[in-house]
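Working notes, beginning with the structure itself.
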Amino acid sequence: MANLLYLDDSTVKSMLKWTSLIEGIEKALGDLSLSRQGNTEAVIQPPRLIMPVPQKDGALLSMPAYLSHQNALACKIVTSFRNNAAKNLPSINATILLFDGDTGQVKAVMDGTEITAWRTAAASVVATKHIHRGKKQILAILGAGMQGRSHALAFKHFFEFSEIRIWNRTFERAKKLCTDLGAWAVPFRSNEECVRDADVIVTATYATEPIVQFDWVKIGAHINAVGFGVNHHNELSHPVYENSLLIVDSVEAANKELSKLIQNNVPIVTEVGSIINKSFTLPSNVRATVFHSLGMAVEDVVSANLVYNSYMEKIKKPTII
C-alpha cells in the first residue's frame, strides 16, 4: 500500500477519450442486461446504497461492481451536495477505488468527479443512439453545471446537432457555460423556449419541481433525465411520463429509486441494454421517449479501468527528448 497509485481529476480527465468511453459504456450496459436475464455473469452489480444527509441537503452513495471480461473490480463513493454551487464547489464529488481483479488488493485510487460527469454523458449518448429515431438537429440541455457541460461536449462529439441550447435557472451560468464552450452553444433565458422544437432534451438539474412540461415536448422527441433531486423524477411533469415510453439503465435500481413514479402508474418499458442487445424492440410512432439515467457502478468500473490502463501505458512509454 506504500506505493498506492493516486490519480487526481486533472490526470483522470487527460486519460479520458469520448470514443473509447462511449464504446465501453455501450458494451457494459448491454452486458448488464444480459446478466439480469441470467444469460451470463458478465456483470456483478448490487443495488447502490444511498444515505441521505438531509441536514445538509446532500447524500452519500456507495457503488461497487465487477466486470468479468475486463476482470475489473471497483467501488465508487459519491457525495451529492446541491448547495455546493453557491460555494463555487462541484455539487457532486466522488472517489473511486480500483482493485486487482485476482487478489482484491487496491491498485489505484482516483478522483471520480470527472469520471462521473463523463460516464453519465456517455450513457446518455448511448441511450440516444439506440432509442431516438429521426433527425437530431436541436439539442436542449437544462442545467449548466458539470453534467450540462459534459453532455454538451459528449453530444457534440458523437452527433451532428445544428443547434445546442443551454438553459439554467440562473441565466448568467448558462451564458458563462456557452462562452466557455464556444459559439456552437446558445444560452436561453426560458426553459420553455429552450425545450420547444428540440429533438433531444437533457435534464441535468437539482429541480424539485418540473422544468419540462408535456405540451412543450416535440412529437418523437427523446429525453435523457439525469438530474438528482429529492427524487429522480422531479424534472419532468407527470403528463410527460404518461405520454412517453420510459427506459432505464437498470430495472432493479429503478424499481427502488423510481418507486413513487411506478406507484403512479408509470410503467418501465425496458432497460436500454435490452435495446442494445436487440432483445427488445421499441414500438414505432411513439409520442416521446424518456431515458432515466440512475447511474450505474459498472459505468464507473469501465471508466476507471480505461483511465488506469491509459495511464499505465503512458508512463511505460519512453520520453523523447
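How things are named: the first chain in the C-alpha cells is A, the next is B, and so on; residues count from 1 in each chain; ligands count from 1 in the order shown.
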Determine, counting only C-alpha atoms, which protein, DNA and RNA residues have an atom within 12 Å of an atom of A:His233; residues of the same chain fewer than 2 positions away are not included. Present the result as a ChimeraX atom specification. /A:203-212,224-231,235-238,240-241,246,248,254,257-262,264,266,290-294
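Residues of stretch 168-316 of chain A that DSSP places in strand (DSSP E or B), based on the backbone of this structure, are Ala185, Val186, Pro187, Phe188, Val200, Ile201, Val202, Thr203, Val212, Ala221, His222, Ile223, Asn224, Ala225, Leu236, Leu245, Leu246, Ile247, Val248, Ile268, Val269, Thr270, Glu271, Ala288, Thr289, Val290, Phe291 and His292 of chain A.
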Which residues of stretch 247-321 of chain A come within 8 Å of stretch 126-131 of chain A, and for each one, what is the closest pair of atoms and their distance in Å to one decimal, counting only C-alpha atoms, sorted by chain and residue number, as CSV?
```
residue,atom,partner,partner_atom,distance
A:Val272,CA,A:Ala127,CA,6.3
A:Ile275,CA,A:His130,CA,6.7
A:Ile276,CA,A:His130,CA,6.5
A:Leu282,CA,A:Ile131,CA,7.7
A:Thr289,CA,A:Ile131,CA,7.5
A:Phe291,CA,A:Ala127,CA,6.9
```
Long-range neighbours of A:Val217 as JSON, numbers by chain, 9 Å cut-off, only C-alpha atoms, 4 positions minimum in chain: {"A": [195, 196, 197, 198, 199, 201, 212, 213, 221, 222, 240, 288]}
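With only C-alpha atoms as the basis for measurement, A:Glu299 is the residue among A:Glu163, A:Glu299, A:Glu313, A:Asp57 that approaches A:Ala121 most closely.
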Find the spatial neighbours of A:Lys17, counting only C-alpha atoms, within a cut-off of 12 Å - ignore same-chain residues fewer than 4 positions away - and output them as a PyMOL selection string. chain A and resi 12-13+21-24+114-115+118-119+122+153-154+157-158+303+306-307+310
Provide the atom CA of A:His132 to atom CA of A:Arg287 distance in Å, to one decimal place. 11.3 Å
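Atom CA of A:Glu26 sits 7.3 Å away from atom CA of A:Ala123.
By chain and then residue number, the residues within 10 Å of stretch 186-189 of chain A are Ala140, Ile141, Leu142, Ala144, Glu163, Ile164, Arg165, Ile166, Trp167, Asn168, Arg169, Thr170, Phe171, Glu172, Arg173, Ala174, Lys175, Lys176, Leu177, Cys178, Thr179, Leu181, Gly182, Ala183, Glu192, Glu193, Cys194 and Val195 of chain A, counting only C-alpha atoms and disregarding those fewer than 3 positions away in sequence.
For stretch 279-281 of chain A, the non-local neighbours within 10 Å, defined as residues at least 4 positions apart in the same chain or in other chains and counting only C-alpha atoms, are Ser33, Leu34, Ile131, Val269, Thr270, Glu271, Val272, Gly273, Ser274 and Ile275 of chain A.
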All residues 8 Å or closer to A:Ala72, only C-alpha atoms, same chain fewer than 4 positions away omitted, as a compact mmCIF listing (two decimals) with N, CA and C atoms, in the first residue's frame:
```txt
# COMPACT_ATOMS: atom_id res chain seq x y z
N TYR A 66 -18.39 -5.39 -10.58
CA TYR A 66 -17.33 -6.21 -11.18
C TYR A 66 -17.70 -6.49 -12.63
N LEU A 67 -16.73 -6.32 -13.53
CA LEU A 67 -16.91 -6.55 -14.97
C LEU A 67 -15.98 -7.67 -15.38
N SER A 68 -16.56 -8.84 -15.70
CA SER A 68 -15.74 -10.04 -15.87
C SER A 68 -14.83 -10.01 -17.09
N LEU A 98 -10.04 1.28 -7.31
CA LEU A 98 -9.90 0.24 -8.33
C LEU A 98 -9.06 -0.88 -7.74
N PHE A 99 -9.61 -2.10 -7.79
CA PHE A 99 -8.96 -3.25 -7.16
C PHE A 99 -8.37 -4.19 -8.20
N ASP A 100 -7.38 -4.97 -7.79
CA ASP A 100 -6.88 -6.05 -8.62
C ASP A 100 -7.96 -7.11 -8.68
N GLY A 101 -8.34 -7.50 -9.88
CA GLY A 101 -9.44 -8.44 -10.04
C GLY A 101 -9.14 -9.84 -9.55
N VAL A 301 -16.75 1.40 -13.34
CA VAL A 301 -15.71 0.38 -13.50
C VAL A 301 -15.07 0.50 -14.87
N VAL A 302 -15.90 0.59 -15.91
CA VAL A 302 -15.39 0.75 -17.27
C VAL A 302 -14.49 1.97 -17.37
N ASN A 305 -11.20 1.71 -15.29
CA ASN A 305 -10.26 0.77 -15.91
C ASN A 305 -9.62 1.38 -17.15
```
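Coordinates place atom CA of A:Asp249 at a distance of 15.9 Å from atom CA of A:Ala42.
Nearest to A:Tyr311 of all the residues A:Ile44, A:Leu16, A:Ala297, A:Ala74 is A:Leu16, based on only C-alpha atoms.
Proximity ranking of A:Ala86, A:Ile77, A:Met51, A:Ala152 relative to A:Ile138 places A:Ala152 first, based on only C-alpha atoms.
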Could you pull out the residues in stretch 122-178 of chain A that DSSP calls helix (DSSP H, G or I) from the backbone, as an NGL selection string? :A and (122-131 or 146-158 or 171-178)
Calculated over only C-alpha atoms, which of the candidates A:Met296, A:Val125, A:Asn71, A:Gly143 has the smallest distance to A:Lys156? A:Val125
